[in-house]
$ cat upload27.cif   # mmCIF, C-alpha atoms
data_protein
loop_
_atom_site.label_atom_id
_atom_site.label_comp_id
_atom_site.auth_asym_id
_atom_site.auth_seq_id
_atom_site.Cartn_x
_atom_site.Cartn_y
_atom_site.Cartn_z
CA MET C 1 -1.41 -18.84 -7.69
CA PRO C 2 0.60 -18.79 -4.45
CA THR C 3 -0.89 -15.54 -3.19
CA ALA C 4 -3.79 -16.08 -0.80
CA THR C 5 -6.61 -13.65 -1.40
CA LEU C 6 -8.34 -11.21 0.92
CA THR C 7 -11.97 -10.18 0.44
CA LEU C 8 -12.63 -6.44 0.64
CA ASN C 9 -15.75 -4.97 2.23
CA ASN C 10 -17.52 -4.78 -1.14
CA GLY C 11 -16.80 -8.40 -2.04
CA VAL C 12 -13.85 -7.72 -4.36
CA GLU C 13 -11.02 -10.21 -3.92
CA MET C 14 -7.43 -8.96 -3.73
CA PRO C 15 -4.19 -10.96 -3.51
CA GLY C 16 -2.90 -10.48 0.03
CA LEU C 17 0.71 -10.05 -1.05
CA GLY C 18 1.74 -7.63 -3.76
CA LEU C 19 4.74 -5.80 -5.14
CA GLY C 20 5.22 -2.19 -4.11
CA VAL C 21 7.15 0.18 -6.38
CA PHE C 22 7.66 3.17 -4.08
CA GLN C 23 10.95 4.90 -4.95
CA THR C 24 11.56 2.45 -7.78
CA PRO C 25 13.06 4.48 -10.64
CA PRO C 26 10.98 4.33 -13.82
CA GLU C 27 13.84 2.66 -15.69
CA GLU C 28 13.89 -0.18 -13.12
CA THR C 29 10.15 -0.50 -12.61
CA ARG C 30 9.31 -2.47 -15.73
CA SER C 31 11.88 -5.20 -15.03
CA ALA C 32 10.86 -5.37 -11.36
CA VAL C 33 7.20 -5.84 -12.25
CA GLU C 34 8.08 -8.43 -14.89
CA ALA C 35 10.17 -10.32 -12.31
CA ALA C 36 7.25 -10.18 -9.88
CA LEU C 37 4.76 -11.49 -12.44
CA ALA C 38 7.17 -14.30 -13.32
CA ALA C 39 7.44 -15.19 -9.63
CA GLY C 40 3.66 -15.42 -9.29
CA TYR C 41 2.65 -11.99 -8.03
CA ARG C 42 -0.73 -10.83 -9.25
CA HIS C 43 -0.98 -7.58 -7.29
CA ILE C 44 1.01 -4.43 -8.06
CA ASP C 45 0.82 -1.24 -5.99
CA THR C 46 1.90 2.08 -7.49
CA ALA C 47 0.91 5.75 -7.20
CA ALA C 48 0.71 8.88 -9.30
CA ALA C 49 3.39 10.46 -7.14
CA TYR C 50 5.82 7.59 -7.76
CA GLY C 51 6.24 8.58 -11.39
CA ASN C 52 6.27 4.98 -12.61
CA GLU C 53 2.66 4.12 -13.42
CA ARG C 54 3.44 3.97 -17.14
CA GLN C 55 6.18 1.39 -16.62
CA VAL C 56 3.91 -0.71 -14.39
CA GLY C 57 1.30 -0.73 -17.12
CA GLU C 58 3.83 -1.58 -19.82
CA ALA C 59 5.13 -4.53 -17.82
CA VAL C 60 1.67 -5.92 -17.15
CA HIS C 61 0.57 -5.59 -20.77
CA SER C 62 3.78 -6.99 -22.26
CA PHE C 63 4.15 -9.95 -19.90
CA GLY C 64 1.37 -11.92 -21.52
CA VAL C 65 -0.85 -12.47 -18.50
CA ASN C 66 -4.53 -11.62 -18.83
CA ARG C 67 -5.28 -8.14 -17.48
CA SER C 68 -8.12 -9.55 -15.36
CA GLU C 69 -5.61 -11.68 -13.46
CA VAL C 70 -3.54 -8.72 -12.23
CA PHE C 71 -4.83 -6.52 -9.41
CA LEU C 72 -3.67 -2.95 -10.11
CA GLU C 73 -3.67 -0.41 -7.30
CA THR C 74 -2.72 3.25 -7.53
CA LYS C 75 -3.17 6.49 -5.57
CA ILE C 76 -4.23 10.08 -6.20
CA TRP C 77 -1.67 12.62 -5.00
CA ILE C 78 -2.70 15.59 -2.82
CA SER C 79 -2.11 18.06 -5.66
CA ASP C 80 -5.05 16.47 -7.48
CA TYR C 81 -7.51 16.64 -4.55
CA GLY C 82 -10.87 18.24 -5.16
CA TYR C 83 -13.83 16.67 -6.94
CA ASP C 84 -13.06 17.54 -10.57
CA GLU C 85 -9.32 17.45 -9.98
CA THR C 86 -9.50 13.90 -8.62
CA LEU C 87 -11.64 12.70 -11.51
CA HIS C 88 -8.96 14.09 -13.81
CA GLY C 89 -6.24 12.51 -11.64
CA PHE C 90 -7.86 9.14 -12.23
CA GLN C 91 -7.86 9.76 -15.98
CA LYS C 92 -4.14 10.54 -15.88
CA SER C 93 -3.37 7.38 -13.92
CA ALA C 94 -5.58 5.14 -16.05
CA ARG C 95 -4.00 6.51 -19.22
CA LYS C 96 -0.47 5.86 -17.93
CA LEU C 97 -1.41 2.37 -16.74
CA GLY C 98 -3.10 1.69 -20.07
CA VAL C 99 -6.36 0.52 -18.50
CA ASP C 100 -10.01 1.52 -18.49
CA GLN C 101 -10.58 0.29 -14.95
CA VAL C 102 -8.35 0.37 -11.86
CA ASP C 103 -8.86 -2.35 -9.28
CA LEU C 104 -8.16 -0.21 -6.21
CA LEU C 105 -7.83 3.57 -6.09
CA LEU C 106 -6.66 5.31 -2.92
CA LEU C 107 -6.21 8.86 -1.69
CA HIS C 108 -2.48 8.96 -0.97
CA GLN C 109 -2.61 11.09 2.18
CA ALA C 110 -5.05 12.95 4.37
CA LEU C 111 -4.80 16.72 4.20
CA PRO C 112 -5.63 17.76 7.78
CA SER C 113 -5.28 21.45 6.92
CA ALA C 114 -7.62 21.09 3.92
CA PHE C 115 -9.96 18.29 4.86
CA ASP C 116 -12.86 19.64 2.80
CA ARG C 117 -10.64 19.24 -0.22
CA THR C 118 -9.81 15.70 0.93
CA MET C 119 -13.53 14.93 1.22
CA ASP C 120 -14.18 16.32 -2.27
CA ALA C 121 -11.48 13.98 -3.54
CA TYR C 122 -13.07 11.02 -1.77
CA ARG C 123 -16.46 11.99 -3.19
CA ALA C 124 -14.85 11.72 -6.64
CA LEU C 125 -13.63 8.22 -5.74
CA GLN C 126 -17.21 7.31 -4.85
CA THR C 127 -18.35 8.55 -8.27
CA LEU C 128 -15.66 6.53 -10.02
CA LEU C 129 -16.76 3.45 -8.08
CA ALA C 130 -20.41 3.99 -8.97
CA ASP C 131 -19.45 4.45 -12.62
CA GLY C 132 -17.44 1.22 -12.70
CA LYS C 133 -14.17 3.00 -13.36
CA VAL C 134 -12.67 1.44 -10.22
CA ARG C 135 -13.56 -1.79 -8.45
CA ALA C 136 -12.75 -0.59 -4.93
CA ILE C 137 -11.73 2.65 -3.23
CA GLY C 138 -9.79 3.51 -0.11
CA VAL C 139 -7.28 5.74 1.58
CA SER C 140 -3.64 5.73 2.60
CA ASN C 141 -1.90 7.13 5.68
CA PHE C 142 -5.21 8.07 7.33
CA MET C 143 -5.16 8.16 11.12
CA VAL C 144 -8.16 7.49 13.38
CA GLU C 145 -9.19 11.14 13.44
CA HIS C 146 -9.08 11.31 9.64
CA LEU C 147 -11.08 8.11 9.25
CA THR C 148 -13.64 9.33 11.78
CA LYS C 149 -14.21 12.57 9.89
CA LEU C 150 -14.37 10.75 6.58
CA LEU C 151 -16.89 8.15 7.80
CA ASP C 152 -19.12 10.92 9.16
CA ARG C 153 -19.58 12.28 5.64
CA ALA C 154 -18.85 9.46 3.17
CA THR C 155 -21.45 7.18 1.64
CA VAL C 156 -18.94 4.38 0.91
CA VAL C 157 -16.72 2.96 3.63
CA PRO C 158 -13.11 2.75 2.39
CA ALA C 159 -12.13 -0.81 1.49
CA VAL C 160 -8.47 -0.28 2.42
CA ASN C 161 -6.27 1.98 4.51
CA GLN C 162 -2.64 1.63 3.46
CA ILE C 163 -0.37 2.62 6.37
CA GLU C 164 3.13 2.07 7.70
CA VAL C 165 3.07 -1.26 9.57
CA HIS C 166 6.03 -3.43 10.52
CA PRO C 167 7.24 -5.09 13.74
CA TYR C 168 8.69 -1.83 15.07
CA PHE C 169 5.60 0.29 14.31
CA ALA C 170 2.21 -1.43 14.35
CA GLN C 171 -0.26 1.50 14.63
CA ARG C 172 -2.68 -0.79 16.45
CA ASP C 173 -5.14 2.01 17.14
CA VAL C 174 -5.51 2.66 13.41
CA GLN C 175 -5.69 -1.05 12.61
CA ASP C 176 -8.29 -1.69 15.30
CA PHE C 177 -10.44 1.24 14.18
CA GLY C 178 -10.28 -0.02 10.61
CA ALA C 179 -11.24 -3.54 11.64
CA GLN C 180 -14.24 -2.22 13.56
CA HIS C 181 -15.49 -0.54 10.39
CA GLY C 182 -14.59 -3.18 7.81
CA ILE C 183 -11.53 -1.33 6.49
CA LEU C 184 -8.65 -3.65 5.59
CA THR C 185 -5.20 -2.58 6.72
CA GLN C 186 -2.57 -2.74 4.00
CA ALA C 187 1.02 -2.49 5.22
CA TRP C 188 3.58 -0.40 3.41
CA SER C 189 7.17 -1.03 4.47
CA PRO C 190 6.01 -4.40 5.87
CA ILE C 191 9.57 -5.59 6.53
CA GLY C 192 10.54 -2.30 8.15
CA GLY C 193 12.71 -1.01 5.36
CA ILE C 194 11.91 2.53 6.36
CA THR C 195 13.51 1.89 9.77
CA PHE C 196 16.95 1.56 8.26
CA TYR C 197 17.03 3.42 4.95
CA ARG C 198 15.45 6.66 6.14
CA ASP C 199 16.87 7.01 9.66
CA GLY C 200 20.28 5.52 10.28
CA SER C 201 19.82 5.82 14.03
CA GLN C 202 17.28 3.03 14.10
CA GLU C 203 18.21 -0.62 14.24
CA SER C 204 17.26 -2.74 11.28
CA THR C 205 14.33 -5.10 11.65
CA LEU C 206 16.31 -7.50 9.48
CA GLN C 207 18.92 -7.72 12.24
CA ASP C 208 16.46 -8.10 15.11
CA PRO C 209 17.43 -11.16 17.21
CA VAL C 210 13.83 -12.15 17.95
CA ILE C 211 12.91 -12.16 14.28
CA GLY C 212 16.19 -13.86 13.40
CA GLU C 213 15.58 -16.70 15.85
CA ILE C 214 12.09 -17.30 14.48
CA ALA C 215 13.44 -17.22 10.93
CA GLN C 216 16.09 -19.77 11.77
CA ALA C 217 13.52 -22.08 13.34
CA HIS C 218 11.49 -22.11 10.12
CA SER C 219 14.42 -22.05 7.67
CA LYS C 220 13.17 -18.70 6.39
CA THR C 221 14.71 -15.25 6.13
CA PRO C 222 13.80 -12.44 8.54
CA ALA C 223 11.98 -10.68 5.69
CA GLN C 224 9.88 -13.76 5.00
CA VAL C 225 9.00 -14.05 8.69
CA MET C 226 7.83 -10.44 8.83
CA LEU C 227 5.71 -10.85 5.72
CA ARG C 228 4.19 -14.03 7.12
CA TRP C 229 3.50 -12.23 10.41
CA GLY C 230 1.60 -9.54 8.52
CA LEU C 231 -0.40 -12.01 6.47
CA GLN C 232 -1.32 -14.09 9.52
CA HIS C 233 -2.67 -10.95 11.16
CA GLY C 234 -5.00 -10.61 8.16
CA ARG C 235 -3.21 -7.65 6.59
CA SER C 236 -2.29 -7.04 2.99
CA VAL C 237 1.47 -6.62 2.55
CA ILE C 238 3.25 -4.92 -0.36
CA PRO C 239 7.02 -5.39 -0.03
CA LYS C 240 9.20 -3.39 -2.39
CA SER C 241 12.29 -4.72 -4.17
CA THR C 242 13.94 -4.41 -7.56
CA LYS C 243 16.08 -7.56 -7.23
CA PRO C 244 14.53 -10.64 -8.89
CA SER C 245 15.94 -12.96 -6.23
CA ARG C 246 14.48 -10.88 -3.40
CA ILE C 247 11.18 -10.47 -5.23
CA ALA C 248 10.91 -14.25 -5.55
CA GLU C 249 11.95 -14.72 -1.91
CA ASN C 250 9.28 -12.34 -0.65
CA ILE C 251 6.41 -14.33 -2.15
CA ASN C 252 7.70 -17.64 -0.82
CA VAL C 253 5.85 -17.32 2.49
CA PHE C 254 2.82 -19.54 2.05
CA ASP C 255 4.46 -22.76 3.21
CA VAL C 256 5.08 -21.67 6.80
CA GLU C 257 2.86 -20.99 9.82
CA LEU C 258 4.07 -18.95 12.78
CA SER C 259 2.94 -20.14 16.20
CA THR C 260 0.84 -18.03 18.56
CA ALA C 261 3.94 -17.50 20.71
CA GLU C 262 6.03 -16.44 17.72
CA MET C 263 3.36 -14.00 16.59
CA ALA C 264 3.18 -12.53 20.11
CA ALA C 265 6.97 -12.21 20.28
CA ILE C 266 7.01 -10.16 17.08
CA ASP C 267 4.02 -8.10 18.27
CA ALA C 268 6.03 -7.19 21.37
CA LEU C 269 8.73 -5.50 19.29
CA ASP C 270 6.57 -2.43 18.61
CA THR C 271 8.45 0.75 19.54
CA GLY C 272 5.65 3.17 18.66
CA ARG C 273 8.17 5.09 16.57
CA ARG C 274 7.02 6.21 13.13
CA GLY C 275 9.48 5.96 10.26
CA GLY C 276 7.46 7.91 7.71
CA PRO C 277 6.38 11.55 7.84
CA GLU C 278 4.14 12.78 10.63
CA PRO C 279 0.53 13.08 9.38
CA GLU C 280 0.29 16.77 10.26
CA ALA C 281 3.37 17.47 8.12
CA ILE C 282 1.42 16.64 4.97
CA THR C 283 0.39 19.95 3.45
CA LEU C 284 0.00 21.28 -0.06
CA GLU C 285 2.50 24.02 0.75
CA ALA C 286 5.16 21.50 1.72
CA LEU C 287 4.49 18.59 -0.62
CA GLY C 288 2.17 19.76 -3.38
CA ARG C 289 3.58 19.28 -6.87
CA PRO C 290 1.90 18.84 -10.22
CA ILE C 291 1.37 15.32 -11.53
CA PRO C 292 2.24 15.21 -15.25
CA GLU C 293 -0.45 14.45 -17.80
CA ASP C 294 1.68 11.79 -19.50
#
$ encode --input "upload27.cif" --output "structure tokens"
Amino acid sequence: MPTATLTLNNGVEMPGLGLGVFQTPPEETRSAVEAALAAGYRHIDTAAAYGNERQVGEAVHSFGVNRSEVFLETKIWISDYGYDETLHGFQKSARKLGVDQVDLLLLHQALPSAFDRTMDAYRALQTLLADGKVRAIGVSNFMVEHLTKLLDRATVVPAVNQIEVHPYFAQRDVQDFGAQHGILTQAWSPIGGITFYRDGSQESTLQDPVIGEIAQAHSKTPAQVMLRWGLQHGRSVIPKSTKPSRIAENINVFDVELSTAEMAAIDALDTGRRGGPEPEAITLEALGRPIPED
């Protein structure tokens, strides 16, 4: 397979590049996942809150590839935090995906205003890991202060922290803290899509002249350069697309090597400006909503 693998802190191997299906409508998800599998992807990232786990599972099972060859990753939403609630949240996700075991299960967000509830949810993830229901566990959108509090009380170090990372927002403090503790950084919005579809005032990473010049030098697209940049930094990247041509383009990044100078030039583009929601804005009052059983 073309996707180089990364080894998590518990020895589980995960394809470094996967398909993300955030904001992919359910009716488009199945065809997107099928296009990804046809292009050689063997890692799919979804979440309970995306509302498309069922379609991800249907695509994987109908495509004809062995289940053991596809790394399935999903996330528990904040509404299902709490020990028993999270165990049930896993059951809902596994049922929709049509699997007995999930490869990587994450907590979707930290709940700073209800961190005890967050810890109860993580404790449930530890139980699921011990019971063999999941192969690896982790978190998403956790900042250094959240990771610090979690590590003080957890018995299993998260394998992954999935956060917003792209050339305009690198979150190096979070990445460095994770690296110090054996937590792999996984980049959502790795080509900076959030910089131009959520806030029209920001320039598009796809139009950045530095990235464009590097892309031209390697006969690659700006998106491919950004994905390669992420992979060369040792991150997992999960670009999202529903277009078969773009899906195939995004995985075609293993035949190029960026120079040290090119990597540094992209590193220097960091603006420190977050595209996603501020961590303290994540509350049950604002974003809590029930996750359907089916």
$ resolve_selection --input "upload27.cif" --expression "the PyMOL selection byres ((chain C and resi 95) around 12)" --output "ChimeraX atom specification"
/C:48,53-58,88-94,96-102,292-294
$ residues_around --input "upload27.cif" --residues "C:Asn52" --least-positions-apart "6" --cutoff "12 Å" --atoms "all atoms listed in the file" --output "PyMOL selection string"
chain C and resi 20-33+44-46+58-59+74-75+93+96-97+291-292+294
$ resolve_selection --input "upload27.cif" --expression "the PyMOL selection byres ((chain C and resi 129) around 12)" --output "count of residues only"
30
$ residues_around --input "upload27.cif" --residues "C:Gln232" --least-positions-apart "3" --cutoff "12 Å" --atoms "only C-alpha atoms" --output "list in words"
Ala4, Leu6, Gly16, Leu17, Val225, Met226, Leu227, Arg228, Trp229, Arg235, Ser236, Val237, Val253, Phe254, Val256, Glu257, Leu258, Ser259, Thr260, Glu262, Met263, Ala264, Ile266 and Asp267 of chain C
$ residues_around --input "upload27.cif" --residues "C:Ala281" --least-positions-apart "5" --cutoff "12 Å" --atoms "only C-alpha atoms" --output "list in words"
Gln109, Ala110, Leu111, Pro112, Ser113, Asn141, Gly276, Ala286, Leu287 and Gly288 of chain C
$ closest_residue --input "upload27.cif" --among "C:Met143, C:Ala179, C:Ala47, C:Leu37" --to "C:Asn66" --atoms "only C-alpha atoms"
C:Leu37
$ residues_near_point --input "upload27.cif" --point "(0.2, -5.4, 7.9)" --cutoff "12 Å" --atoms "all atoms listed in the file" --output "VMD selection string"
chain C and resid 16 to 18 160 to 172 174 to 176 184 to 192 226 to 239 267
$ closest_residue --input "upload27.cif" --among "C:Glu34, C:Glu145, C:Glu13, C:Glu213" --to "C:Pro244" --atoms "only C-alpha atoms"
C:Glu34
$ atom_distance --input "upload27.cif" --atom1 "atom CA of C:Tyr83" --atom2 "atom CA of C:Ala121"
4.9 Å
$ atom_distance --input "upload27.cif" --atom1 "atom CA of C:Phe177" --atom2 "atom CA of C:Val144"
6.7 Å
$ atom_distance --input "upload27.cif" --atom1 "atom CA of C:Gln224" --atom2 "atom CA of C:Glu73"
22.7 Å
$ closest_residue --input "upload27.cif" --among "C:Arg246, C:Ala36, C:Thr195, C:Phe115" --to "C:Leu284" --atoms "all atoms listed in the file"
C:Phe115
$ closest_residue --input "upload27.cif" --among "C:Pro277, C:Pro290, C:Pro15, C:Pro209" --to "C:Leu72" --atoms "all atoms listed in the file"
C:Pro15
